[in-house]
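Inspection log for the structure reproduced underneath, given as structure tokens.
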Amino acid sequence: MTADDALRAWLDWLAYERRASPRTLEAYGHAGRRWISFLERHRGGPQALADLADVAAAELRAHLAERRGGDRPLSARSLAQALAAIRGFHKYLERRHDVRSPQLTLVRGPRPKPTLPRPVAEAQAFALLAESEADADLQPWEAARDRAVLTLLYGCGLRISEALALTEADAPLADSLRVTGKGGKTRLVPVLPAVRQAVEDWRTVNPFTATGRDPLFRAKRGGPLTPRHVQATVQRLRGRLGLPASTTPHALRHSFATHLLGAGADLRSIQSLLGHAGLSTTQKYTAVDAARLLEAYATAHPRA
């Protein structure tokens, strides 16, 4: 078995046993190929499975230094992701093929600066939805479709991929929606009447013949709607409304969580609604809510 064969086997294991997302497979596959390519250049030839044993910490550090420099240097976050992929690959080799590289544990990756979610205010979210419905540049059915998608993102806290993965079999929406998220994990999300109505308004004017297997949201030529279209739609609408560049489709998901937290929802419930694997990810929203509370205090208190 060559190193490339081992990498393909690892990616297959991630896809079929761990049910990793396509984006994760793409990122990890790219990182693994760059790592093997580096070893081949550094060691002067193709690498077999046995050659991946006892990889030196200095080799991994040299590879990370190479990726940090060059014409397209990686950010600290991307470099940390590449290191995680390489470590995951070698852990797989140790478990499945008894190929050990203990020195890899000596390498520390960069610590990316923690970033807080950047939600939009309630009034801005409502304005975005209203502007999508009144978009004069689109045909009425296209405007209804875009409003339905954005209402799902904000009203149910869905990721773009989750909203666009819905099919006609999911409609009409019930009081709750079963969503398949990252890693193939499913969760139940309550559906507000406003969300249900927006989706039904779209289905009423949908010009395409639809069966249960067809995507719920269709593009101009009848194919499935793409994430890029949703991103471009929000970019166009935020320009009209004068909203900041941080107003993205994913910001609507952040807004869903932040506004729930501000209204008194507990973290465990929000974690379940968002489909986060760990509570630490959801806890970021407490910092956002606290920051807004302090901002409101500084603005409104007479002694501030």
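Order determines the names: the first chain of the structure tokens is A, the second B, and so forth; residues in each chain are numbered 1 upward, and ligands are numbered 1 upward as they are shown.
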Give one line per residue of range 10-71 of chain A that approaches range 145-166 of chain A to at most 12 Å, naming the two atoms of the closest pair and their distance in Å to one decimal, counting only C-alpha atoms; sort by chain then ascending residue number and deliver it as a tab-separated table.
```
residue	atom	partner	partner_atom	distance
A:Ser21	CA	A:Ser161	CA	10.7
A:Pro22	CA	A:Ser161	CA	11.1
A:Arg23	CA	A:Ser161	CA	11.0
```
For those residues, write all heavy atoms to a file as an mmCIF file, in the first residue's frame.
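Output file part24.cif is given in full below:
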```cif
data_model
loop_
_atom_site.group_PDB
_atom_site.id
_atom_site.type_symbol
_atom_site.label_atom_id
_atom_site.label_comp_id
_atom_site.auth_asym_id
_atom_site.auth_seq_id
_atom_site.Cartn_x
_atom_site.Cartn_y
_atom_site.Cartn_z
ATOM 1 N N SER A 21 -18.806 15.601 6.334
ATOM 2 C CA SER A 21 -19.446 16.392 5.292
ATOM 3 C C SER A 21 -18.539 16.487 4.074
ATOM 4 O O SER A 21 -17.318 16.315 4.179
ATOM 5 C CB SER A 21 -19.747 17.798 5.810
ATOM 6 O OG SER A 21 -18.538 18.525 6.000
ATOM 7 N N PRO A 22 -19.101 16.761 2.888
ATOM 8 C CA PRO A 22 -18.269 16.926 1.680
ATOM 9 C C PRO A 22 -17.202 17.996 1.836
ATOM 10 O O PRO A 22 -16.084 17.841 1.330
ATOM 11 C CB PRO A 22 -19.300 17.303 0.603
ATOM 12 C CG PRO A 22 -20.580 16.700 1.074
ATOM 13 C CD PRO A 22 -20.540 16.811 2.571
ATOM 14 N N ARG A 23 -17.515 19.082 2.526
ATOM 15 C CA ARG A 23 -16.527 20.148 2.715
ATOM 16 C C ARG A 23 -15.378 19.679 3.598
ATOM 17 O O ARG A 23 -14.216 20.016 3.349
ATOM 18 C CB ARG A 23 -17.193 21.379 3.326
ATOM 19 C CG ARG A 23 -18.168 22.066 2.384
ATOM 20 C CD ARG A 23 -18.716 23.341 2.974
ATOM 21 N NE ARG A 23 -17.675 24.333 3.163
ATOM 22 C CZ ARG A 23 -17.897 25.557 3.636
ATOM 23 N NH1 ARG A 23 -19.124 25.904 4.000
ATOM 24 N NH2 ARG A 23 -16.915 26.418 3.776
#
```
Residues near range 115-122 of chain A, anyone? I mean within 9 Å using only C-alpha atoms, not counting same-chain ones fewer than 3 positions away, as a count of residues only. 23
Contact check, range 64-115 of chain A to range 11-15 of chain A, at most 12 Å, counting only C-alpha atoms, closest pairs as CSV:
```
residue,atom,partner,partner_atom,distance
A:Ala85,CA,A:Leu11,CA,10.5
A:Ile86,CA,A:Leu11,CA,11.9
A:Gly88,CA,A:Leu14,CA,10.0
A:Phe89,CA,A:Leu11,CA,8.7
A:Tyr92,CA,A:Trp13,CA,9.1
A:Leu93,CA,A:Trp13,CA,11.5
A:Arg96,CA,A:Trp13,CA,10.6
```
DSSP on the backbone: which residues in range 19-241 of chain A end up as strand (DSSP E or B)? Give the answer as a compact mmCIF listing (two decimals) with all heavy atoms, in the first residue's frame.
```txt
# COMPACT_ATOMS: atom_id res chain seq x y z
N ALA A 48 5.76 4.83 0.68
CA ALA A 48 4.92 3.67 0.95
C ALA A 48 4.31 3.83 2.33
O ALA A 48 4.67 4.73 3.09
CB ALA A 48 5.74 2.39 0.86
N THR A 167 -36.67 18.88 0.41
CA THR A 167 -37.33 18.45 -0.82
C THR A 167 -38.83 18.70 -0.71
O THR A 167 -39.34 19.05 0.36
CB THR A 167 -37.07 16.96 -1.10
OG1 THR A 167 -37.72 16.19 -0.07
CG2 THR A 167 -35.58 16.65 -1.11
N SER A 176 -43.02 20.95 13.26
CA SER A 176 -41.58 20.76 13.45
C SER A 176 -40.99 20.16 12.19
O SER A 176 -41.68 19.49 11.42
CB SER A 176 -41.29 19.87 14.67
OG SER A 176 -41.84 18.58 14.48
N LEU A 177 -39.71 20.42 12.01
CA LEU A 177 -39.01 20.00 10.80
C LEU A 177 -37.81 19.17 11.19
O LEU A 177 -37.02 19.56 12.05
CB LEU A 177 -38.58 21.23 10.00
CG LEU A 177 -37.80 21.01 8.70
CD1 LEU A 177 -38.68 20.30 7.68
CD2 LEU A 177 -37.33 22.36 8.14
N ARG A 178 -37.67 17.99 10.56
CA ARG A 178 -36.50 17.15 10.81
C ARG A 178 -35.40 17.56 9.84
O ARG A 178 -35.57 17.48 8.63
CB ARG A 178 -36.83 15.67 10.64
CG ARG A 178 -35.67 14.73 10.99
CD ARG A 178 -36.11 13.27 10.95
NE ARG A 178 -37.11 12.99 11.96
CZ ARG A 178 -36.82 12.71 13.23
NH1 ARG A 178 -35.57 12.67 13.64
NH2 ARG A 178 -37.79 12.45 14.07
N VAL A 179 -34.28 17.99 10.40
CA VAL A 179 -33.18 18.54 9.61
C VAL A 179 -31.96 17.65 9.75
O VAL A 179 -31.63 17.19 10.86
CB VAL A 179 -32.83 19.97 10.07
CG1 VAL A 179 -31.67 20.54 9.27
CG2 VAL A 179 -34.05 20.88 9.95
N THR A 180 -31.29 17.39 8.64
CA THR A 180 -30.04 16.63 8.66
C THR A 180 -28.88 17.61 8.55
O THR A 180 -28.75 18.32 7.55
CB THR A 180 -29.97 15.62 7.51
OG1 THR A 180 -31.09 14.73 7.60
CG2 THR A 180 -28.68 14.82 7.57
N THR A 186 -29.29 14.31 12.78
CA THR A 186 -30.61 14.89 12.58
C THR A 186 -31.09 15.56 13.86
O THR A 186 -30.70 15.17 14.97
CB THR A 186 -31.63 13.82 12.15
OG1 THR A 186 -31.73 12.83 13.18
CG2 THR A 186 -31.21 13.17 10.84
N ARG A 187 -31.93 16.57 13.69
CA ARG A 187 -32.52 17.27 14.82
C ARG A 187 -33.90 17.76 14.43
O ARG A 187 -34.21 17.90 13.24
CB ARG A 187 -31.64 18.44 15.26
CG ARG A 187 -31.55 19.59 14.25
CD ARG A 187 -30.57 20.65 14.73
NE ARG A 187 -30.60 21.86 13.93
CZ ARG A 187 -29.96 22.03 12.79
NH1 ARG A 187 -29.22 21.03 12.31
NH2 ARG A 187 -30.03 23.17 12.13
N LEU A 188 -34.73 18.02 15.42
CA LEU A 188 -36.06 18.57 15.20
C LEU A 188 -36.04 20.07 15.51
O LEU A 188 -35.54 20.48 16.55
CB LEU A 188 -37.09 17.87 16.09
CG LEU A 188 -37.52 16.47 15.66
CD1 LEU A 188 -38.50 15.90 16.68
CD2 LEU A 188 -38.18 16.51 14.28
N VAL A 189 -36.58 20.86 14.58
CA VAL A 189 -36.63 22.31 14.73
C VAL A 189 -38.08 22.75 14.64
O VAL A 189 -38.78 22.39 13.69
CB VAL A 189 -35.80 23.00 13.63
CG1 VAL A 189 -35.86 24.51 13.79
CG2 VAL A 189 -34.35 22.53 13.68
N PRO A 190 -38.57 23.52 15.61
CA PRO A 190 -39.94 24.04 15.51
C PRO A 190 -40.09 24.97 14.31
O PRO A 190 -39.15 25.68 13.94
CB PRO A 190 -40.12 24.81 16.83
CG PRO A 190 -39.06 24.30 17.74
CD PRO A 190 -37.91 23.91 16.86
N PRO A 215 -36.02 19.09 -5.34
CA PRO A 215 -35.65 20.07 -4.30
C PRO A 215 -36.79 21.06 -4.07
O PRO A 215 -37.52 21.42 -5.00
CB PRO A 215 -34.41 20.75 -4.89
CG PRO A 215 -34.46 20.51 -6.36
CD PRO A 215 -35.13 19.19 -6.53
N ARG A 218 -36.00 25.95 -6.22
CA ARG A 218 -35.50 25.74 -7.58
C ARG A 218 -34.88 27.02 -8.14
O ARG A 218 -35.31 28.13 -7.85
CB ARG A 218 -36.66 25.33 -8.49
CG ARG A 218 -37.51 24.18 -7.95
CD ARG A 218 -36.80 22.85 -8.05
NE ARG A 218 -36.89 22.34 -9.40
CZ ARG A 218 -37.92 21.63 -9.86
NH1 ARG A 218 -38.95 21.35 -9.07
NH2 ARG A 218 -37.93 21.19 -11.11
N PRO A 224 -31.67 22.69 -8.84
CA PRO A 224 -31.65 23.04 -7.43
C PRO A 224 -30.98 24.39 -7.20
O PRO A 224 -30.02 24.74 -7.87
CB PRO A 224 -30.86 21.90 -6.78
CG PRO A 224 -30.04 21.31 -7.89
CD PRO A 224 -30.84 21.49 -9.14
```
Could you list, as a ChimeraX atom specification, every residue within 8 Å of range 37-47 of chain A, counting only C-alpha atoms and ignoring same-chain residues fewer than 3 positions away? /A:2-3,33-34,50-52,59,63
Between CA of Glu133 in chain A and CA of Thr211 in chain A, what distance in Å does the model show, to one decimal? 25.3 Å
Provide the CA of Gly184 in chain A to CA of Arg19 in chain A distance in Å, to one decimal place.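 A separation of 6.1 Å between them.
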Could you give me, as an MDAnalysis selection string, each residue of range 103-240 of chain A that DSSP assigns to alpha helix (DSSP H) when run on this structure's backbone? chainID A and resid 122:133 140:156 160:164 193:205 227:240
Length of the CA of Ala62 in chain A to CA of Ala80 in chain A vector [Å]: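 Spanning CA of Ala62 in chain A to CA of Ala80 in chain A is a straight-line distance of 14.5 Å.
Using only C-alpha atoms, the nearest neighbour of Ala6 in chain A within the list A:Arg238, A:Arg111, A:His90, A:Lys182 is A:His90.
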